[in-house]
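Peer 1: My structure is stored as input.csv, with CSV, C-alpha atoms.
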```csv
chain,number,residue,atom,x,y,z
A,1,MET,CA,113.5,96.1,87.5
A,2,ARG,CA,113.5,99.4,89.3
A,3,VAL,CA,110.1,101.2,89.2
A,4,PRO,CA,110.5,104.8,90.4
A,5,VAL,CA,106.8,105.3,90.3
A,6,LEU,CA,106.5,102.7,93.0
A,7,ASP,CA,109.2,104.1,95.3
A,8,GLU,CA,106.5,105.2,97.7
A,9,ALA,CA,104.7,101.8,97.5
A,10,THR,CA,107.4,99.4,98.4
A,11,GLY,CA,104.9,96.6,99.1
A,12,VAL,CA,103.8,96.7,95.5
A,13,ALA,CA,107.2,96.8,94.0
A,14,SER,CA,108.4,93.9,96.0
A,15,ALA,CA,105.3,91.9,95.3
A,16,LEU,CA,105.7,92.5,91.6
A,17,ALA,CA,109.3,91.2,91.8
A,18,ASP,CA,108.2,88.2,93.9
A,19,ASN,CA,105.5,87.1,91.5
A,20,HIS,CA,107.8,87.5,88.5
A,21,ALA,CA,110.4,85.2,90.2
A,22,ALA,CA,107.7,82.8,91.2
A,23,ALA,CA,106.4,82.6,87.7
A,24,TRP,CA,109.8,81.6,86.3
A,25,ALA,CA,110.3,79.1,89.0
A,26,ALA,CA,106.9,77.4,88.4
A,27,ALA,CA,106.7,77.3,84.6
A,28,GLU,CA,109.0,75.5,82.2
A,29,PRO,CA,111.5,78.2,81.4
A,30,ARG,CA,111.8,77.4,77.7
A,31,LEU,CA,108.0,77.6,77.2
A,32,LEU,CA,107.7,80.8,79.3
A,33,GLU,CA,110.6,82.3,77.3
A,34,LEU,CA,108.8,81.5,74.0
A,35,ALA,CA,105.8,83.3,75.5
A,36,ARG,CA,107.8,86.2,76.8
A,37,LEU,CA,109.5,86.9,73.5
A,38,ARG,CA,106.3,86.5,71.4
A,39,ILE,CA,104.4,88.8,73.8
A,40,ALA,CA,107.2,91.3,73.5
A,41,GLN,CA,107.0,91.1,69.7
A,42,LEU,CA,103.2,91.6,69.8
A,43,LEU,CA,103.3,94.5,72.3
A,44,GLY,CA,106.4,96.1,70.8
A,45,HIS,CA,108.6,96.0,73.9
A,46,PRO,CA,112.2,96.6,72.9
A,47,ASP,CA,113.7,96.0,76.3
A,48,GLU,CA,112.1,92.6,76.6
A,49,LEU,CA,113.0,91.7,73.0
A,50,ALA,CA,116.7,92.5,73.7
A,51,GLY,CA,116.9,90.3,76.8
A,52,ARG,CA,117.4,86.5,77.0
A,53,THR,CA,116.5,84.2,79.9
A,54,VAL,CA,119.5,82.2,80.9
A,55,GLY,CA,119.5,79.0,82.8
A,56,ALA,CA,122.3,76.9,84.3
A,57,ALA,CA,123.1,75.5,80.8
A,58,GLY,CA,122.9,78.9,79.0
A,59,PRO,CA,120.0,80.6,77.2
A,60,VAL,CA,116.8,78.6,77.6
A,61,LEU,CA,115.8,79.2,74.0
A,62,ASP,CA,118.3,78.9,71.1
A,63,GLU,CA,118.9,81.9,68.9
A,64,ASP,CA,117.6,80.2,65.8
A,65,ALA,CA,114.3,79.8,67.4
A,66,VAL,CA,114.2,83.4,68.5
A,67,THR,CA,114.9,84.5,65.0
A,68,ALA,CA,112.1,82.3,63.6
A,69,LEU,CA,109.6,83.1,66.3
A,70,ALA,CA,107.5,85.6,64.5
A,71,SER,CA,107.0,83.1,61.7
A,72,TRP,CA,106.4,80.1,63.9
A,73,PRO,CA,103.4,78.8,62.0
A,74,SER,CA,105.5,78.1,58.9
A,75,SER,CA,108.8,77.3,60.7
A,76,GLY,CA,110.1,73.8,61.2
A,77,LEU,CA,111.8,74.7,64.5
A,78,PHE,CA,108.7,74.5,66.7
A,79,ASP,CA,107.1,71.2,67.7
A,80,GLY,CA,103.5,70.6,68.6
A,81,ARG,CA,104.0,71.7,72.2
A,82,ASP,CA,105.6,74.9,71.2
A,83,ARG,CA,102.8,75.5,68.7
A,84,ALA,CA,100.1,74.9,71.3
A,85,VAL,CA,101.8,77.4,73.6
A,86,LEU,CA,102.3,80.0,70.9
A,87,ALA,CA,98.7,79.8,69.6
A,88,PHE,CA,97.4,80.2,73.1
A,89,VAL,CA,99.7,83.1,73.9
A,90,GLU,CA,98.9,85.0,70.8
A,91,GLN,CA,95.2,84.8,71.4
A,92,TYR,CA,95.7,85.6,75.1
A,93,VAL,CA,97.5,88.8,74.2
A,94,LEU,CA,95.2,89.9,71.4
A,95,ASP,CA,92.0,89.2,73.3
A,96,VAL,CA,92.0,87.0,76.3
A,97,ALA,CA,88.2,86.8,76.2
A,98,THR,CA,88.3,84.9,72.9
A,99,VAL,CA,90.7,82.1,73.8
A,100,THR,CA,89.0,79.0,72.6
A,101,ASP,CA,88.2,75.7,74.2
A,102,GLU,CA,90.3,74.1,71.5
A,103,GLN,CA,93.4,76.2,72.3
A,104,VAL,CA,93.1,75.3,76.0
A,105,ALA,CA,92.5,71.6,75.2
A,106,SER,CA,95.7,71.6,73.1
A,107,LEU,CA,97.6,73.0,76.0
A,108,VAL,CA,96.2,70.4,78.4
A,109,GLU,CA,97.2,67.7,75.9
A,110,HIS,CA,100.8,68.8,75.9
A,111,LEU,CA,101.3,70.2,79.5
A,112,GLY,CA,98.6,68.4,81.6
A,113,ALA,CA,96.1,70.4,83.7
A,114,PRO,CA,98.6,71.4,86.5
A,115,GLY,CA,101.1,72.4,83.8
A,116,VAL,CA,98.5,74.6,82.1
A,117,SER,CA,97.6,76.2,85.4
A,118,ASP,CA,101.2,77.1,86.1
A,119,PHE,CA,102.0,78.2,82.6
A,120,VAL,CA,98.9,80.4,82.3
A,121,HIS,CA,99.7,82.0,85.6
A,122,GLY,CA,103.2,82.6,84.4
A,123,VAL,CA,101.9,84.2,81.1
A,124,LEU,CA,99.7,86.4,83.2
A,125,VAL,CA,102.6,87.6,85.2
A,126,VAL,CA,104.9,88.1,82.2
A,127,GLU,CA,102.3,89.9,80.1
A,128,GLN,CA,101.0,92.1,82.9
A,129,ARG,CA,104.6,93.1,83.8
A,130,MET,CA,105.3,94.0,80.2
A,131,ARG,CA,102.1,96.1,79.8
A,132,LEU,CA,102.9,97.9,83.1
A,133,THR,CA,106.4,98.8,82.1
A,134,LEU,CA,105.2,100.0,78.6
A,135,ALA,CA,102.6,102.1,80.2
A,136,TRP,CA,105.0,103.6,82.8
A,137,GLN,CA,107.6,104.3,80.1
A,138,ARG,CA,105.0,106.0,77.8
A,139,LEU,CA,103.8,108.1,80.8
A,140,GLY,CA,107.4,109.2,81.4
A,141,LEU,CA,107.7,107.3,84.6
A,142,GLU,CA,110.8,105.6,83.3
A,143,ALA,CA,110.4,102.0,84.5
A,144,THR,CA,113.3,100.0,83.3
A,145,ALA,CA,113.2,96.2,82.8
B,1,MET,CA,78.8,88.3,78.7
B,2,THR,CA,79.1,84.6,78.0
B,3,VAL,CA,80.0,82.5,81.0
B,4,ARG,CA,82.1,79.6,80.0
B,5,SER,CA,82.5,76.2,81.6
B,6,HIS,CA,85.7,75.3,83.4
B,7,ARG,CA,88.4,74.2,80.9
B,8,ILE,CA,90.6,72.6,83.6
B,9,PRO,CA,89.2,71.3,86.9
B,10,PRO,CA,88.9,74.1,89.6
B,11,ALA,CA,90.9,72.0,92.1
B,12,THR,CA,93.8,71.5,89.7
B,13,PRO,CA,97.0,71.8,91.8
B,14,GLY,CA,99.5,74.5,90.9
B,15,ALA,CA,102.7,75.9,92.2
B,16,VAL,CA,101.9,77.2,95.7
B,17,PRO,CA,104.6,79.9,95.8
B,18,LEU,CA,103.4,81.4,92.5
B,19,ARG,CA,99.8,81.5,93.6
B,20,ARG,CA,100.8,83.0,97.0
B,21,ALA,CA,102.9,85.6,95.2
B,22,LEU,CA,100.0,86.5,92.9
B,23,ARG,CA,97.7,86.8,95.8
B,24,ASP,CA,100.2,89.0,97.7
B,25,TRP,CA,100.7,91.2,94.6
B,26,GLN,CA,97.0,91.7,94.1
B,27,ALA,CA,96.5,92.5,97.7
B,28,ALA,CA,99.3,95.1,97.6
B,29,VAL,CA,97.7,96.7,94.6
B,30,VAL,CA,94.3,96.8,96.2
B,31,ARG,CA,95.8,98.6,99.2
B,32,LEU,CA,97.0,101.5,97.0
B,33,ASP,CA,94.8,104.5,97.6
B,34,ALA,CA,95.7,107.2,95.0
B,35,VAL,CA,92.7,106.2,92.9
B,36,ASP,CA,89.2,106.7,94.4
B,37,PRO,CA,87.3,103.5,95.4
B,38,VAL,CA,84.5,103.9,92.8
B,39,THR,CA,87.0,104.1,89.9
B,40,THR,CA,89.0,101.2,91.3
B,41,GLU,CA,85.8,99.1,91.5
B,42,LEU,CA,84.7,100.0,88.0
B,43,VAL,CA,88.1,98.9,86.6
B,44,ARG,CA,88.1,95.7,88.7
B,45,LEU,CA,84.6,94.7,87.6
B,46,ARG,CA,85.3,95.5,83.9
B,47,CYS,CA,88.5,93.4,84.1
B,48,ALA,CA,86.6,90.6,85.8
B,49,SER,CA,84.0,90.6,83.2
B,50,HIS,CA,86.4,90.6,80.3
B,51,HIS,CA,88.4,87.8,81.9
B,52,ASP,CA,85.3,85.8,82.9
B,53,CYS,CA,86.7,85.8,86.4
B,54,ARG,CA,84.2,84.7,89.0
B,55,THR,CA,86.2,85.5,92.1
```
Write out the structure in this file as C-alpha cells.
Peer 2:
Amino acid sequence: MRVPVLDEATGVASALADNHAAAWAAAEPRLLELARLRIAQLLGHPDELAGRTVGAAGPVLDEDAVTALASWPSSGLFDGRDRAVLAFVEQYVLDVATVTDEQVASLVEHLGAPGVSDFVHGVLVVEQRMRLTLAWQRLGLEATA
Amino acid sequence: MTVRSHRIPPATPGAVPLRRALRDWQAAVVRLDAVDPVTTELVRLRCASHHDCRT
C-alpha cells in the first residue's frame, strides 16, 4: 500500500506496513481473512472486498465462503469457530465498547487465550488500516490498498 | 464509563513481533507533530475511554 499523505513521515508508513505484515504472520490466516472481508463489507471498502489473501496452497478462504459471508448466521459453510470469530468481529466493528463477555469467552473456547490475543491484535491492525485508507480516500489523499 | 474485568489474563503470551510492530507504529504516530498536543491528547483519551484501555 502506498500512502502519499505519509510520504513525509516515512517512519509511520513503514511502521504501518510492518504491523500489517506482523498481524498476518501471527493470526491464523483463514480466520483473519474472514475478519478482513467481513470488516470490508461492514465498512464498505471496495478495494479490500476485491482482494483475496493467498497462502502457499492458494486462497486461504474458498470462494463459496466469501459469497456466503454476509449471510453467515444462516449459512452451513461456517463452523462454530468461524461463528465465534464473526460474531466478535461484527460487534468490534459496530461498537468495540459493547463487545460482550460471552463473545470473548466463545473466542477463548475456540482459540485459547494466546490465540485470542493474537487474533484481536490482528483484527485491530486490519480494521484500523481499512478505516485509515477509507478516510484518506474520502479526503482525496488517494491511499491505495 | 464502565470498567470491565480482564477477559483473558493480562500476562497471556502473544506473538512478540506483532506486539513490537504495534508498539513501534503507535510510537511513530505519536511522534507526528502536525496536530497540536492538546487535540492529540483529547483524541487519545477519548479513544482510551471508549476502548476501556488502561495503558
Peer 1: Which residues of chain A are close to chain B, meaning at most 12 Å apart when you count only C-alpha atoms, and how do they look as a ChimeraX atom specification?
Peer 2: /A:6,8-28,92-93,95-109,111-126,128-129
Peer 1: Take the residues just selected and output them with C-alpha atoms as a compact mmCIF listing (two decimals), in the frame of the given file.
Peer 2:
```txt
# COMPACT_ATOMS: atom_id res chain seq x y z
CA LEU A 6 106.50 102.70 93.00
CA GLU A 8 106.50 105.20 97.70
CA ALA A 9 104.70 101.80 97.50
CA THR A 10 107.40 99.40 98.40
CA GLY A 11 104.90 96.60 99.10
CA VAL A 12 103.80 96.70 95.50
CA ALA A 13 107.20 96.80 94.00
CA SER A 14 108.40 93.90 96.00
CA ALA A 15 105.30 91.90 95.30
CA LEU A 16 105.70 92.50 91.60
CA ALA A 17 109.30 91.20 91.80
CA ASP A 18 108.20 88.20 93.90
CA ASN A 19 105.50 87.10 91.50
CA HIS A 20 107.80 87.50 88.50
CA ALA A 21 110.40 85.20 90.20
CA ALA A 22 107.70 82.80 91.20
CA ALA A 23 106.40 82.60 87.70
CA TRP A 24 109.80 81.60 86.30
CA ALA A 25 110.30 79.10 89.00
CA ALA A 26 106.90 77.40 88.40
CA ALA A 27 106.70 77.30 84.60
CA GLU A 28 109.00 75.50 82.20
CA TYR A 92 95.70 85.60 75.10
CA VAL A 93 97.50 88.80 74.20
CA ASP A 95 92.00 89.20 73.30
CA VAL A 96 92.00 87.00 76.30
CA ALA A 97 88.20 86.80 76.20
CA THR A 98 88.30 84.90 72.90
CA VAL A 99 90.70 82.10 73.80
CA THR A 100 89.00 79.00 72.60
CA ASP A 101 88.20 75.70 74.20
CA GLU A 102 90.30 74.10 71.50
CA GLN A 103 93.40 76.20 72.30
CA VAL A 104 93.10 75.30 76.00
CA ALA A 105 92.50 71.60 75.20
CA SER A 106 95.70 71.60 73.10
CA LEU A 107 97.60 73.00 76.00
CA VAL A 108 96.20 70.40 78.40
CA GLU A 109 97.20 67.70 75.90
CA LEU A 111 101.30 70.20 79.50
CA GLY A 112 98.60 68.40 81.60
CA ALA A 113 96.10 70.40 83.70
CA PRO A 114 98.60 71.40 86.50
CA GLY A 115 101.10 72.40 83.80
CA VAL A 116 98.50 74.60 82.10
CA SER A 117 97.60 76.20 85.40
CA ASP A 118 101.20 77.10 86.10
CA PHE A 119 102.00 78.20 82.60
CA VAL A 120 98.90 80.40 82.30
CA HIS A 121 99.70 82.00 85.60
CA GLY A 122 103.20 82.60 84.40
CA VAL A 123 101.90 84.20 81.10
CA LEU A 124 99.70 86.40 83.20
CA VAL A 125 102.60 87.60 85.20
CA VAL A 126 104.90 88.10 82.20
CA GLN A 128 101.00 92.10 82.90
CA ARG A 129 104.60 93.10 83.80
```
Peer 1: Go through A:Val85, A:Gly140, A:Arg36, A:Glu63 and flag the residue nearest Glu48 (chain A), using all atoms listed in the file for the distances.
Peer 2: A:Arg36
Peer 1: List as an mmCIF file with C-alpha atoms, in the frame of the given file the protein and nucleic acid residues near region 49-52 of chain A, meaning an atom at most 10 Å away when all atoms listed in the file are counted, but skip any in the same chain fewer than 2 places from it.
Peer 2:
```cif
data_model
loop_
_atom_site.group_PDB
_atom_site.id
_atom_site.type_symbol
_atom_site.label_atom_id
_atom_site.label_comp_id
_atom_site.auth_asym_id
_atom_site.auth_seq_id
_atom_site.Cartn_x
_atom_site.Cartn_y
_atom_site.Cartn_z
ATOM 1 C CA GLU A 33 110.600 82.300 77.300
ATOM 2 C CA ARG A 36 107.800 86.200 76.800
ATOM 3 C CA LEU A 37 109.500 86.900 73.500
ATOM 4 C CA ARG A 38 106.300 86.500 71.400
ATOM 5 C CA ILE A 39 104.400 88.800 73.800
ATOM 6 C CA ALA A 40 107.200 91.300 73.500
ATOM 7 C CA GLN A 41 107.000 91.100 69.700
ATOM 8 C CA GLY A 44 106.400 96.100 70.800
ATOM 9 C CA HIS A 45 108.600 96.000 73.900
ATOM 10 C CA PRO A 46 112.200 96.600 72.900
ATOM 11 C CA ASP A 47 113.700 96.000 76.300
ATOM 12 C CA VAL A 54 119.500 82.200 80.900
ATOM 13 C CA GLY A 55 119.500 79.000 82.800
ATOM 14 C CA GLY A 58 122.900 78.900 79.000
ATOM 15 C CA PRO A 59 120.000 80.600 77.200
ATOM 16 C CA VAL A 60 116.800 78.600 77.600
ATOM 17 C CA LEU A 61 115.800 79.200 74.000
ATOM 18 C CA ASP A 62 118.300 78.900 71.100
ATOM 19 C CA GLU A 63 118.900 81.900 68.900
ATOM 20 C CA VAL A 66 114.200 83.400 68.500
ATOM 21 C CA ALA A 145 113.200 96.200 82.800
#
```
Peer 1: So how many Å separate CA of Leu31 (chain A) and CA of Ser74 (chain A), to one decimal?
Peer 2: 18.5 Å
Peer 1: So that I can see what lies close to Ala65 (chain A), please list as number ranges by chain the residues with an atom at most 8 Å from it, counting all atoms listed in the file and leaving out residues fewer than 4 positions away in the same chain.
Peer 2: A: 61, 69, 77-78
Peer 1: How many Å separate CA of Thr53 (chain A) from CA of Thr67 (chain A)?
Peer 2: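 Interatomic distance here is 15.0 Å.
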Peer 1: Quick one: distance from CA of Cys53 (chain B) to CA of Leu34 (chain A) in Å, one decimal?
Peer 2: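 These two atoms are separated by 25.7 Å.
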Peer 1: Could you give me region 89-117 of chain A completed to N, CA and C atoms, formatted as a PDB file, in the frame of the given file?
Peer 2:
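Output saved as result_26.pdb:
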```
ATOM      1  N   VAL A  89      99.175  81.804  73.486  1.00  0.00           N
ATOM      2  CA  VAL A  89      99.700  83.100  73.900  1.00  0.00           C
ATOM      3  C   VAL A  89      99.281  84.228  72.984  1.00  0.00           C
ATOM      4  N   GLU A  90      99.307  83.978  71.704  1.00  0.00           N
ATOM      5  CA  GLU A  90      98.900  85.000  70.800  1.00  0.00           C
ATOM      6  C   GLU A  90      97.434  85.434  71.010  1.00  0.00           C
ATOM      7  N   GLN A  91      96.577  84.438  71.208  1.00  0.00           N
ATOM      8  CA  GLN A  91      95.200  84.800  71.400  1.00  0.00           C
ATOM      9  C   GLN A  91      94.989  85.473  72.786  1.00  0.00           C
ATOM     10  N   TYR A  92      95.757  85.038  73.775  1.00  0.00           N
ATOM     11  CA  TYR A  92      95.700  85.600  75.100  1.00  0.00           C
ATOM     12  C   TYR A  92      96.050  87.128  75.026  1.00  0.00           C
ATOM     13  N   VAL A  93      97.087  87.436  74.268  1.00  0.00           N
ATOM     14  CA  VAL A  93      97.500  88.800  74.200  1.00  0.00           C
ATOM     15  C   VAL A  93      96.544  89.669  73.363  1.00  0.00           C
ATOM     16  N   LEU A  94      96.071  89.108  72.267  1.00  0.00           N
ATOM     17  CA  LEU A  94      95.200  89.900  71.400  1.00  0.00           C
ATOM     18  C   LEU A  94      93.827  90.115  72.010  1.00  0.00           C
ATOM     19  N   ASP A  95      93.261  89.082  72.625  1.00  0.00           N
ATOM     20  CA  ASP A  95      92.000  89.200  73.300  1.00  0.00           C
ATOM     21  C   ASP A  95      91.736  87.991  74.168  1.00  0.00           C
ATOM     22  N   VAL A  96      92.029  88.160  75.436  1.00  0.00           N
ATOM     23  CA  VAL A  96      92.000  87.000  76.300  1.00  0.00           C
ATOM     24  C   VAL A  96      90.562  86.410  76.403  1.00  0.00           C
ATOM     25  N   ALA A  97      89.564  87.240  76.142  1.00  0.00           N
ATOM     26  CA  ALA A  97      88.200  86.800  76.200  1.00  0.00           C
ATOM     27  C   ALA A  97      87.818  85.809  75.102  1.00  0.00           C
ATOM     28  N   THR A  98      88.641  85.751  74.074  1.00  0.00           N
ATOM     29  CA  THR A  98      88.300  84.900  72.900  1.00  0.00           C
ATOM     30  C   THR A  98      89.264  83.702  72.790  1.00  0.00           C
ATOM     31  N   VAL A  99      89.992  83.387  73.847  1.00  0.00           N
ATOM     32  CA  VAL A  99      90.700  82.100  73.800  1.00  0.00           C
ATOM     33  C   VAL A  99      89.736  80.993  73.724  1.00  0.00           C
ATOM     34  N   THR A 100      90.014  80.062  72.840  1.00  0.00           N
ATOM     35  CA  THR A 100      89.000  79.000  72.600  1.00  0.00           C
ATOM     36  C   THR A 100      89.212  77.773  73.423  1.00  0.00           C
ATOM     37  N   ASP A 101      88.143  76.993  73.518  1.00  0.00           N
ATOM     38  CA  ASP A 101      88.200  75.700  74.200  1.00  0.00           C
ATOM     39  C   ASP A 101      89.307  74.835  73.559  1.00  0.00           C
ATOM     40  N   GLU A 102      89.381  74.887  72.243  1.00  0.00           N
ATOM     41  CA  GLU A 102      90.300  74.100  71.500  1.00  0.00           C
ATOM     42  C   GLU A 102      91.792  74.460  71.860  1.00  0.00           C
ATOM     43  N   GLN A 103      92.026  75.750  71.988  1.00  0.00           N
ATOM     44  CA  GLN A 103      93.400  76.200  72.300  1.00  0.00           C
ATOM     45  C   GLN A 103      93.772  75.720  73.731  1.00  0.00           C
ATOM     46  N   VAL A 104      92.843  75.774  74.662  1.00  0.00           N
ATOM     47  CA  VAL A 104      93.100  75.300  76.000  1.00  0.00           C
ATOM     48  C   VAL A 104      93.290  73.773  76.014  1.00  0.00           C
ATOM     49  N   ALA A 105      92.432  73.084  75.282  1.00  0.00           N
ATOM     50  CA  ALA A 105      92.500  71.600  75.200  1.00  0.00           C
ATOM     51  C   ALA A 105      93.861  71.179  74.652  1.00  0.00           C
ATOM     52  N   SER A 106      94.353  71.909  73.671  1.00  0.00           N
ATOM     53  CA  SER A 106      95.700  71.600  73.100  1.00  0.00           C
ATOM     54  C   SER A 106      96.762  71.771  74.125  1.00  0.00           C
ATOM     55  N   LEU A 107      96.646  72.827  74.912  1.00  0.00           N
ATOM     56  CA  LEU A 107      97.600  73.000  76.000  1.00  0.00           C
ATOM     57  C   LEU A 107      97.578  71.896  76.993  1.00  0.00           C
ATOM     58  N   VAL A 108      96.362  71.509  77.392  1.00  0.00           N
ATOM     59  CA  VAL A 108      96.200  70.400  78.400  1.00  0.00           C
ATOM     60  C   VAL A 108      96.809  69.140  77.831  1.00  0.00           C
ATOM     61  N   GLU A 109      96.597  68.894  76.557  1.00  0.00           N
ATOM     62  CA  GLU A 109      97.200  67.700  75.900  1.00  0.00           C
ATOM     63  C   GLU A 109      98.681  67.646  76.072  1.00  0.00           C
ATOM     64  N   HIS A 110      99.304  68.783  75.930  1.00  0.00           N
ATOM     65  CA  HIS A 110     100.800  68.800  75.900  1.00  0.00           C
ATOM     66  C   HIS A 110     101.361  69.053  77.341  1.00  0.00           C
ATOM     67  N   LEU A 111     100.665  69.779  78.194  1.00  0.00           N
ATOM     68  CA  LEU A 111     101.300  70.200  79.500  1.00  0.00           C
ATOM     69  C   LEU A 111     100.573  69.491  80.677  1.00  0.00           C
ATOM     70  N   GLY A 112      99.380  68.923  80.456  1.00  0.00           N
ATOM     71  CA  GLY A 112      98.600  68.400  81.600  1.00  0.00           C
ATOM     72  C   GLY A 112      97.937  69.625  82.293  1.00  0.00           C
ATOM     73  N   ALA A 113      96.868  69.324  83.043  1.00  0.00           N
ATOM     74  CA  ALA A 113      96.100  70.400  83.700  1.00  0.00           C
ATOM     75  C   ALA A 113      96.983  71.227  84.666  1.00  0.00           C
ATOM     76  N   PRO A 114      97.747  70.574  85.556  1.00  0.00           N
ATOM     77  CA  PRO A 114      98.600  71.400  86.500  1.00  0.00           C
ATOM     78  C   PRO A 114      99.623  72.225  85.694  1.00  0.00           C
ATOM     79  N   GLY A 115     100.150  71.649  84.618  1.00  0.00           N
ATOM     80  CA  GLY A 115     101.100  72.400  83.800  1.00  0.00           C
ATOM     81  C   GLY A 115     100.464  73.608  83.160  1.00  0.00           C
ATOM     82  N   VAL A 116      99.230  73.438  82.704  1.00  0.00           N
ATOM     83  CA  VAL A 116      98.500  74.600  82.100  1.00  0.00           C
ATOM     84  C   VAL A 116      98.275  75.648  83.157  1.00  0.00           C
ATOM     85  N   SER A 117      97.874  75.220  84.345  1.00  0.00           N
ATOM     86  CA  SER A 117      97.600  76.200  85.400  1.00  0.00           C
ATOM     87  C   SER A 117      98.875  77.037  85.681  1.00  0.00           C
TER      88      SER A 117
END
```
